[in-house]
Structure formats: structure tokens, C-alpha cells
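Undergrad: Handing you this structure, nothing more for now.
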Amino acid sequence: KDTMDSSPFLTDVPLTVTLADDLSPLFGDKRHLRQVLVNLLTNAHEATSAMDGPKKIRLDAGNLRLPAGNQWKLPEGQYVKISVTDNGIGIPPTLVDKIFDPYFSTKERSTQKGMGMGLTVSDAIVQRHGGYISVTSEPGQGTTFDLYLPAYTGREPA
């Protein structure tokens, strides 16, 4: 059984997972790609834990064909889009451009303060796999991270 067992904390926040029936496989390092998902789910959990009211996290994955000249400057072709969405506290617009910077963290200094490397490492892993990670967020409403990763089509990506 293949699970994200390094994330037992998710039991206190409802997680909805929706996968396309015809979801394409990915080409890449399973351990590193799992680390990206754990990092994003950890952030979503922390963002929802910091708020009152019902907490929700969604993970959606589907196939996507990106055209040449797409906004992420990725090569044309088949991709898998994975989205992690929460209804947490959101990220202020002034900080969105900084969240992938090394050592940047919005967490208070305490024993639980992160190193500020989770999103930096995730971004590097996604880029190394020939993909792109984007974020949209609205304070008080939540955040969505979208991963665009090349689908495995029978041959290694260029």
C-alpha cells in the first residue's frame, strides 16, 4: 500500500482527493514528488489550523495538454496538473512573491517554526522534473498551489 504515511497530522482536517479516471503516470523520482505533496499538504494543514470554522483541504489531479507559448513557458505537451487547495488563512499579496525564497517563513519564531525551505525545495523539485508550480491566494479565503508536471508518455521528457 502506497500512502503518504509521513503526514499523519492530516487526520484532523478533512482531505478530499479527486483523481481523473484516466490520470496519466508521471516520469520522475517518487520520493521527491511525494516530498512536494507532503510539503504542500503540511502548509495547507497549518493554514487551516490557524483559523476558526470548518477546515477543508482538497487534492485534485487531472490530465492537461499545454500548448506552445503557455504562460508557464513549459514545452508543449501532456501534463498532469495537481492542485492542493485549502480554505485557510491565505497569503497576503505582499508575501506571495516571497514564499519560494529560501528561508522565508511566515511562522512565528518558536519550537514549531519551519526552516522556510519547504516551498523552496518543492519548487526546485518540480523544476527538476520539467514542471512548474504556481500559487493563488486570497487572505481569509485560502490558497491553491498548482503543479504542472510532464506526463509519462512512454519516453523520458527532453
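All residue names refer to the C-alpha cells as shown: chains lettered A, B, ... in order, residues numbered from 1 in each chain, ligands numbered from 1 in order.
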Name the residues of segment 16-67 of chain A that fall into strand (DSSP E or B) according to DSSP on the backbone, using the chain letters and numbers of this document, as number ranges by chain.
TA: A: 16-19, 26, 57-66
Undergrad: Which residue out of A:Asn87, A:Asn39, A:Ser105, A:Thr143 has the minimum interatomic distance to Gly53 of chain A when only C-alpha atoms are used?
TA: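 Once distances to Gly53 of chain A are computed over only C-alpha atoms, the minimum belongs to A:Asn87.
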Undergrad: Give me every alpha helix (DSSP H) residue in chain A, going by DSSP on the backbone, as an NGL selection string.
TA: :A and (30-49 or 93-96 or 118-128)
Undergrad: Restricting it to N, CA and C atoms, dump the selection as a CSV table (one decimal), in the first residue's frame.
TA:
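The resulting file, result.csv, is shown below:
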chain,number,residue,atom,x,y,z
A,30,LYS,N,9.8,9.2,-7.3
A,30,LYS,CA,8.6,9.1,-6.5
A,30,LYS,C,8.8,9.7,-5.1
A,31,ARG,N,10.0,9.5,-4.5
A,31,ARG,CA,10.3,10.0,-3.2
A,31,ARG,C,10.3,11.6,-3.2
A,32,HIS,N,10.9,12.2,-4.2
A,32,HIS,CA,10.9,13.6,-4.3
A,32,HIS,C,9.6,14.2,-4.6
A,33,LEU,N,8.8,13.6,-5.5
A,33,LEU,CA,7.5,14.1,-5.8
A,33,LEU,C,6.6,13.9,-4.5
A,34,ARG,N,6.7,12.9,-3.8
A,34,ARG,CA,6.0,12.7,-2.5
A,34,ARG,C,6.3,13.8,-1.6
A,35,GLN,N,7.6,14.2,-1.5
A,35,GLN,CA,8.0,15.3,-0.6
A,35,GLN,C,7.3,16.6,-1.0
A,36,VAL,N,7.2,16.9,-2.3
A,36,VAL,CA,6.4,18.1,-2.7
A,36,VAL,C,5.0,18.0,-2.2
A,37,LEU,N,4.3,16.9,-2.3
A,37,LEU,CA,2.9,16.8,-1.9
A,37,LEU,C,2.9,16.9,-0.4
A,38,VAL,N,3.8,16.3,0.3
A,38,VAL,CA,3.8,16.4,1.8
A,38,VAL,C,4.0,17.8,2.2
A,39,ASN,N,4.9,18.5,1.6
A,39,ASN,CA,5.2,20.0,1.9
A,39,ASN,C,3.9,20.8,1.7
A,40,LEU,N,3.2,20.6,0.6
A,40,LEU,CA,2.0,21.4,0.3
A,40,LEU,C,0.9,21.1,1.2
A,41,LEU,N,0.7,19.8,1.5
A,41,LEU,CA,-0.3,19.4,2.4
A,41,LEU,C,0.0,19.9,3.9
A,42,THR,N,1.2,19.9,4.2
A,42,THR,CA,1.6,20.4,5.5
A,42,THR,C,1.3,21.9,5.6
A,43,ASN,N,1.6,22.6,4.6
A,43,ASN,CA,1.3,24.1,4.6
A,43,ASN,C,-0.2,24.3,4.6
A,44,ALA,N,-1.0,23.5,3.9
A,44,ALA,CA,-2.4,23.6,3.9
A,44,ALA,C,-3.0,23.3,5.3
A,45,HIS,N,-2.4,22.3,5.9
A,45,HIS,CA,-2.9,21.9,7.3
A,45,HIS,C,-2.6,23.1,8.2
A,46,GLU,N,-1.4,23.6,8.2
A,46,GLU,CA,-1.1,24.7,9.1
A,46,GLU,C,-1.9,26.0,8.8
A,47,ALA,N,-2.2,26.2,7.5
A,47,ALA,CA,-3.1,27.4,7.2
A,47,ALA,C,-4.5,27.2,7.7
A,48,THR,N,-5.0,26.0,7.7
A,48,THR,CA,-6.4,25.8,8.2
A,48,THR,C,-6.4,25.7,9.7
A,49,SER,N,-5.4,25.2,10.3
A,49,SER,CA,-5.3,25.1,11.7
A,49,SER,C,-5.3,26.5,12.4
A,93,PRO,N,-1.1,39.4,-0.3
A,93,PRO,CA,-0.5,39.7,-1.6
A,93,PRO,C,1.0,40.2,-1.6
A,94,THR,N,1.3,40.9,-0.5
A,94,THR,CA,2.7,41.4,-0.4
A,94,THR,C,3.7,40.3,-0.1
A,95,LEU,N,3.2,39.1,0.3
A,95,LEU,CA,4.1,38.0,0.6
A,95,LEU,C,4.2,36.9,-0.5
A,96,VAL,N,3.2,36.9,-1.4
A,96,VAL,CA,3.1,35.8,-2.4
A,96,VAL,C,4.4,35.6,-3.2
A,118,GLY,N,10.6,24.5,2.8
A,118,GLY,CA,9.6,23.6,2.2
A,118,GLY,C,9.2,24.0,0.8
A,119,LEU,N,8.8,25.2,0.6
A,119,LEU,CA,8.4,25.6,-0.7
A,119,LEU,C,9.5,25.8,-1.7
A,120,THR,N,10.7,26.3,-1.1
A,120,THR,CA,11.9,26.4,-2.0
A,120,THR,C,12.3,25.0,-2.5
A,121,VAL,N,12.3,24.0,-1.7
A,121,VAL,CA,12.7,22.7,-2.1
A,121,VAL,C,11.6,22.2,-3.1
A,122,SER,N,10.4,22.4,-2.8
A,122,SER,CA,9.3,21.9,-3.6
A,122,SER,C,9.4,22.5,-5.0
A,123,ASP,N,9.7,23.8,-5.1
A,123,ASP,CA,9.8,24.5,-6.4
A,123,ASP,C,11.0,23.9,-7.1
A,124,ALA,N,12.1,23.7,-6.5
A,124,ALA,CA,13.3,23.1,-7.1
A,124,ALA,C,13.0,21.7,-7.6
A,125,ILE,N,12.3,20.9,-6.9
A,125,ILE,CA,12.0,19.5,-7.3
A,125,ILE,C,11.1,19.6,-8.5
A,126,VAL,N,10.1,20.4,-8.5
A,126,VAL,CA,9.1,20.5,-9.6
A,126,VAL,C,9.9,21.0,-10.9
A,127,GLN,N,10.8,22.0,-10.7
A,127,GLN,CA,11.5,22.4,-11.9
A,127,GLN,C,12.5,21.3,-12.4
A,128,ARG,N,13.1,20.6,-11.5
A,128,ARG,CA,14.0,19.5,-11.9
A,128,ARG,C,13.2,18.4,-12.7
Undergrad: For the contact check between segment 47-113 of chain A and segment 24-28 of chain A, emit one row per residue of segment 47-113 of chain A within 9 Å, containing the shortest atom pair and the distance in Å rounded to one decimal, counting only C-alpha atoms, chain then rising number order, as a tab-separated table.
TA:
residue	atom	partner	partner_atom	distance
A:Gly62	CA	A:Ser24	CA	7.9
A:Asn63	CA	A:Ser24	CA	6.5
A:Gln78	CA	A:Ser24	CA	8.8
A:Tyr79	CA	A:Ser24	CA	8.1
A:Val80	CA	A:Ser24	CA	6.8
Undergrad: Restrict the selected residues to N, CA and C atoms and save them as a PDB file, in the first residue's frame.
TA:
ATOM      1  N   GLY A  62      -5.487  15.887 -12.582  1.00  0.00           N
ATOM      2  CA  GLY A  62      -6.073  15.599 -13.883  1.00  0.00           C
ATOM      3  C   GLY A  62      -5.059  15.813 -14.992  1.00  0.00           C
ATOM      4  N   ASN A  63      -5.419  15.357 -16.159  1.00  0.00           N
ATOM      5  CA  ASN A  63      -4.552  15.494 -17.330  1.00  0.00           C
ATOM      6  C   ASN A  63      -4.802  16.840 -17.997  1.00  0.00           C
ATOM      7  N   GLN A  78       1.776  16.907 -22.996  1.00  0.00           N
ATOM      8  CA  GLN A  78       0.867  16.350 -22.000  1.00  0.00           C
ATOM      9  C   GLN A  78       1.446  16.548 -20.599  1.00  0.00           C
ATOM     10  N   TYR A  79       0.593  17.022 -19.702  1.00  0.00           N
ATOM     11  CA  TYR A  79       0.982  17.269 -18.320  1.00  0.00           C
ATOM     12  C   TYR A  79      -0.077  16.711 -17.382  1.00  0.00           C
ATOM     13  N   VAL A  80       0.335  16.511 -16.150  1.00  0.00           N
ATOM     14  CA  VAL A  80      -0.594  16.222 -15.070  1.00  0.00           C
ATOM     15  C   VAL A  80      -0.619  17.474 -14.201  1.00  0.00           C
TER      16      VAL A  80
END
Undergrad: Report as a PyMOL selection string all protein, DNA and RNA residues lying within 8 Å of Asp60 of chain A, evaluated on only C-alpha atoms, omitting residues in the same chain fewer than 5 positions from it.
TA: chain A and resi 17-19+81-84
Undergrad: Could those residues be written to a file, using all heavy atoms, as a compact mmCIF listing (two decimals), in the first residue's frame?
TA:
# COMPACT_ATOMS: atom_id res chain seq x y z
N VAL A 17 -9.82 13.94 -1.99
CA VAL A 17 -8.91 13.63 -3.10
C VAL A 17 -9.75 13.27 -4.31
O VAL A 17 -10.60 12.38 -4.24
CB VAL A 17 -7.95 12.48 -2.74
CG1 VAL A 17 -7.06 12.14 -3.92
CG2 VAL A 17 -7.12 12.83 -1.51
N THR A 18 -9.50 13.95 -5.42
CA THR A 18 -10.19 13.67 -6.67
C THR A 18 -9.15 13.46 -7.75
O THR A 18 -8.37 14.37 -8.06
CB THR A 18 -11.12 14.84 -7.08
OG1 THR A 18 -12.00 15.12 -5.99
CG2 THR A 18 -11.92 14.49 -8.31
N LEU A 19 -9.13 12.25 -8.31
CA LEU A 19 -8.19 11.90 -9.37
C LEU A 19 -8.96 11.57 -10.64
O LEU A 19 -9.97 10.85 -10.57
CB LEU A 19 -7.34 10.68 -8.97
CG LEU A 19 -6.61 10.77 -7.63
CD1 LEU A 19 -5.91 9.45 -7.33
CD2 LEU A 19 -5.63 11.91 -7.62
N LYS A 81 -1.83 17.98 -13.96
CA LYS A 81 -1.99 19.14 -13.08
C LYS A 81 -2.49 18.61 -11.73
O LYS A 81 -3.52 17.95 -11.66
CB LYS A 81 -3.00 20.12 -13.66
CG LYS A 81 -3.23 21.34 -12.76
CD LYS A 81 -4.27 22.27 -13.36
CE LYS A 81 -4.55 23.44 -12.43
NZ LYS A 81 -5.67 24.25 -12.92
N ILE A 82 -1.73 18.92 -10.69
CA ILE A 82 -2.09 18.53 -9.33
C ILE A 82 -2.31 19.81 -8.55
O ILE A 82 -1.44 20.69 -8.52
CB ILE A 82 -0.98 17.69 -8.66
CG1 ILE A 82 -0.69 16.44 -9.50
CG2 ILE A 82 -1.36 17.34 -7.23
CD1 ILE A 82 0.55 15.69 -9.06
N SER A 83 -3.47 19.93 -7.93
CA SER A 83 -3.80 21.13 -7.16
C SER A 83 -4.03 20.76 -5.70
O SER A 83 -4.71 19.77 -5.41
CB SER A 83 -5.07 21.79 -7.70
OG SER A 83 -4.89 22.17 -9.04
N VAL A 84 -3.45 21.55 -4.82
CA VAL A 84 -3.71 21.42 -3.38
C VAL A 84 -4.35 22.74 -2.95
O VAL A 84 -3.74 23.81 -3.08
CB VAL A 84 -2.41 21.15 -2.59
CG1 VAL A 84 -2.70 21.16 -1.08
CG2 VAL A 84 -1.78 19.83 -3.01
